[in-house]
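Engineer: Take this structure first; my questions come after.
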Amino acid sequence: MCIDCGCGPSNHDHTHSHDHEHHHEHGKGKGKTVRIEEDLLGKNNRLAANNRTRFARHQLFVLNLVSSPGSGKTSILERTLADLSDQLRFAVLEGDQQTANDADRIATTGVPVKQINTGAGCHLDAHMVGHGVDAFDLDATDILMIENVGNLVCPASFDLGEDHKVAVLSVTEGEDKPLKYPQMFQAADLMLINKIDLLPYLRFDVEKCKQFARQVNPDIRIIELSCHNGVGMEEWYEWLRHGVQNKVRDEA
Amino acid sequence: MHEVGITRSIVEICEENARKQGATVVHSITVEIGELSGVVPDAVEFCFEACSKGTLLEGASLIIDRVAGRGRCAACHSECIMGPYSFECPDCGSMALQRVAGDELRVKEMEID
């Protein structure tokens, strides 16, 4: 039995032995009314708060990377890990519905990685992350990168206990994505515009994209980069270093 | 379709409360879903039958109270209706609208015997 969340091996296949016969009519103002007033995301939010406390104890800087499938989250991670592994200690949680392909790619960089398969699920939740990080030595880690399931809708609602959500948008997508999926870009503190080496071949309007992002989130920080040719990566690395320093200082 | 997970939470919360009350039957449950919550009420309705099957909630009516989005402008303090895509204050034009309602995702009450 898990102390944090109360889950256990038998918890998810419980059977219900009660029997009630349905001779009554439903929802016709019969019966006793009971007030509940309970938040539907309450359980996730409680577990996320537990994660956040645990991460703070280890002075761990935690990012939740969100985007559409194919925006380049894994490629950005690969390059980042290759370039910064001698300066910062990383661990990576990979979320996908199926396969360990992304974890295999990350593993070649030598950084500790754990794949979470959500099956039919469309997002990671705080429960999965809480168990996922058990695989790492958190005292020997500076940054935890959580690569969420490629999906611009559902992961916006689920706090994992991260310091920041980082939304990745690539220039092969539409520049109006922030308007189409405002919840995600509102929830993010940083937006990475990826694949900018392809701009000469596309009709993607970077300025318009930034304007749309700021329309839904006036405070969002934006970095343009290409993990292919390396342009802009240094600005992203500086942001990461800064985040780690602040976390260590704040929790010291 | 995070509505499946949301609907499962509805069923879990209600079953737990129904057991505590010693209920043998749940007639109806009332849930509040805000327009800005990112959860689609129709999808929750669609999932409810499957998620409640075999539980105390099987056969109960699901009543969804939809809560309109409302915003308050941090600059001019006026209040307005806020849709999922509106961030600009209709009164003063600044991009400073903050949500005051519409985020709700809550089980309000249920009728039991």
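Residue numbering restarts at 1 for every chain of the structure tokens, chains are lettered A, B, ... in their displayed order, and ligands are numbered from 1 as they appear.
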For chain A, which residues have at least one atom within 7 Å of chain B, if we go by only C-alpha atoms? Write them as a ChimeraX atom specification, please.

Structural biologist: /A:16,20,26-27,31-40,122,154,179,182,215-216

Engineer: For CA of Met82 in chain B and CA of Arg99 in chain B, quote the distance in Å rounded to one decimal.

Structural biologist: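 Those two atoms sit 7.6 Å apart.
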
Engineer: Taking the DSSP secondary structure from the backbone, can you list the residues of range 35-78 of chain B that are alpha helix (DSSP H), as a ChimeraX atom specification?

Structural biologist: /B:41-52

Engineer: Restricting the calculation to only C-alpha atoms: of A:Phe61, A:Phe55, A:Tyr201, A:Phe136, which residue gets closest to Asn246 in chain A?

Structural biologist: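 Closest to Asn246 in chain A, using only C-alpha atoms: A:Phe61.
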
Engineer: Would you work out the distance separating CA of Gly95 in chain A from CA of Pro218 in chain A, expressed in Å to one decimal?

Structural biologist: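 It comes out at 28.8 Å.
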
Engineer: Might you pull out every residue within 7 Å of range 76-80 of chain B, with only C-alpha atoms counted and same-chain residues fewer than 5 positions away left off, and present them as a list in words?

Structural biologist: Arg70, Gly71 and Cys92 of chain B

Engineer: Write the selection just made, keeping N, CA and C atoms, as a short mmCIF file (atom, residue, chain, number, x, y, z; two decimals), in the first residue's frame?

Structural biologist:
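Here's the written file result-v2.cif:
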```
data_model
loop_
_atom_site.label_atom_id
_atom_site.label_comp_id
_atom_site.auth_asym_id
_atom_site.auth_seq_id
_atom_site.Cartn_x
_atom_site.Cartn_y
_atom_site.Cartn_z
N ARG B 70 -16.75 34.16 -16.00
CA ARG B 70 -16.78 35.60 -15.70
C ARG B 70 -15.36 36.06 -15.39
N GLY B 71 -15.07 37.28 -15.85
CA GLY B 71 -13.74 37.82 -15.61
C GLY B 71 -13.82 39.18 -14.95
N CYS B 92 -12.02 48.57 -21.06
CA CYS B 92 -10.85 49.45 -21.21
C CYS B 92 -9.81 48.91 -22.20
#
```

Engineer: If you run DSSP on the backbone, which residues of chain B are strand (DSSP E or B), as a count of residues only?

Structural biologist: 36

Engineer: Suppose you want the space between CA of Ala56 in chain A and CA of Val244 in chain A; what is it in Å?

Structural biologist: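 Calculated distance between CA of Ala56 in chain A and CA of Val244 in chain A is 11.4 Å.
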
Engineer: Have a look at A:Asn217, A:Gln186, A:Thr80, A:Gln59 and name the one nearest to Gln245 in chain A; count only C-alpha atoms.

Structural biologist: A:Gln59

Engineer: Which residue gives the smallest distance to Glu16 in chain B among B:Leu57, B:Val44, B:Val100, B:Ile64, with only C-alpha atoms counted?

Structural biologist: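 Closest candidate: B:Leu57.
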
Engineer: Give the answer as one residue: which of A:Lys195, A:Arg46, A:Lys30, A:Arg105 has the shortest atom-to-atom distance to Glu78 in chain A, using only C-alpha atoms?

Structural biologist: A:Arg105

Engineer: Excluding Ala103 in chain A and its own-chain neighbours fewer than 3 positions away, which residues fall within 10 Å of it when counting only C-alpha atoms? Please give them as a PyMOL selection string.

Structural biologist: chain A and resi 74+92-96+99-100+106-108+111-116

Engineer: Export, as a compact mmCIF listing (two decimals), in the first residue's frame, the selected residues with N, CA and C atoms.

Structural biologist:
```txt
# COMPACT_ATOMS: atom_id res chain seq x y z
N THR A 74 11.16 15.51 -27.59
CA THR A 74 12.22 14.53 -27.32
C THR A 74 13.55 14.98 -27.94
N VAL A 92 14.81 12.02 -16.46
CA VAL A 92 13.73 12.25 -17.42
C VAL A 92 12.61 11.22 -17.21
N LEU A 93 11.38 11.73 -17.10
CA LEU A 93 10.19 10.86 -17.12
C LEU A 93 9.54 11.04 -18.48
N GLU A 94 9.32 9.93 -19.17
CA GLU A 94 8.74 9.98 -20.50
C GLU A 94 7.32 9.47 -20.47
N GLY A 95 6.37 10.28 -20.90
CA GLY A 95 4.98 9.83 -20.97
C GLY A 95 4.54 9.62 -22.40
N ASP A 96 4.04 8.42 -22.69
CA ASP A 96 3.46 8.12 -24.00
C ASP A 96 2.37 7.09 -23.79
N THR A 99 4.76 2.23 -26.20
CA THR A 99 6.17 2.08 -26.59
C THR A 99 7.13 2.75 -25.60
N ALA A 100 8.37 2.25 -25.62
CA ALA A 100 9.43 2.86 -24.83
C ALA A 100 10.42 3.54 -25.77
N ILE A 106 16.39 8.64 -25.05
CA ILE A 106 17.00 9.39 -23.96
C ILE A 106 18.10 8.57 -23.30
N ALA A 107 17.87 7.26 -23.18
CA ALA A 107 18.83 6.39 -22.48
C ALA A 107 20.20 6.42 -23.16
N THR A 108 20.23 6.65 -24.48
CA THR A 108 21.51 6.68 -25.18
C THR A 108 22.38 7.87 -24.75
N VAL A 111 21.55 9.57 -19.44
CA VAL A 111 20.78 10.19 -18.35
C VAL A 111 19.73 9.18 -17.84
N PRO A 112 19.50 9.11 -16.51
CA PRO A 112 18.47 8.21 -15.99
C PRO A 112 17.11 8.55 -16.57
N VAL A 113 16.39 7.55 -17.03
CA VAL A 113 15.09 7.80 -17.67
C VAL A 113 14.13 6.70 -17.30
N LYS A 114 12.85 7.08 -17.20
CA LYS A 114 11.80 6.10 -16.89
C LYS A 114 10.63 6.38 -17.81
N GLN A 115 10.16 5.33 -18.48
CA GLN A 115 9.02 5.47 -19.38
C GLN A 115 7.73 5.18 -18.63
N ILE A 116 6.74 6.04 -18.77
CA ILE A 116 5.41 5.75 -18.24
C ILE A 116 4.49 5.59 -19.45
```

Engineer: Measuring between only C-alpha atoms, which one of A:Val248, A:Leu47, A:Leu63, A:Leu152 shows the shortest distance to Val166 in chain A?

Structural biologist: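 For Val166 in chain A, the nearest of the given residues is A:Leu63.
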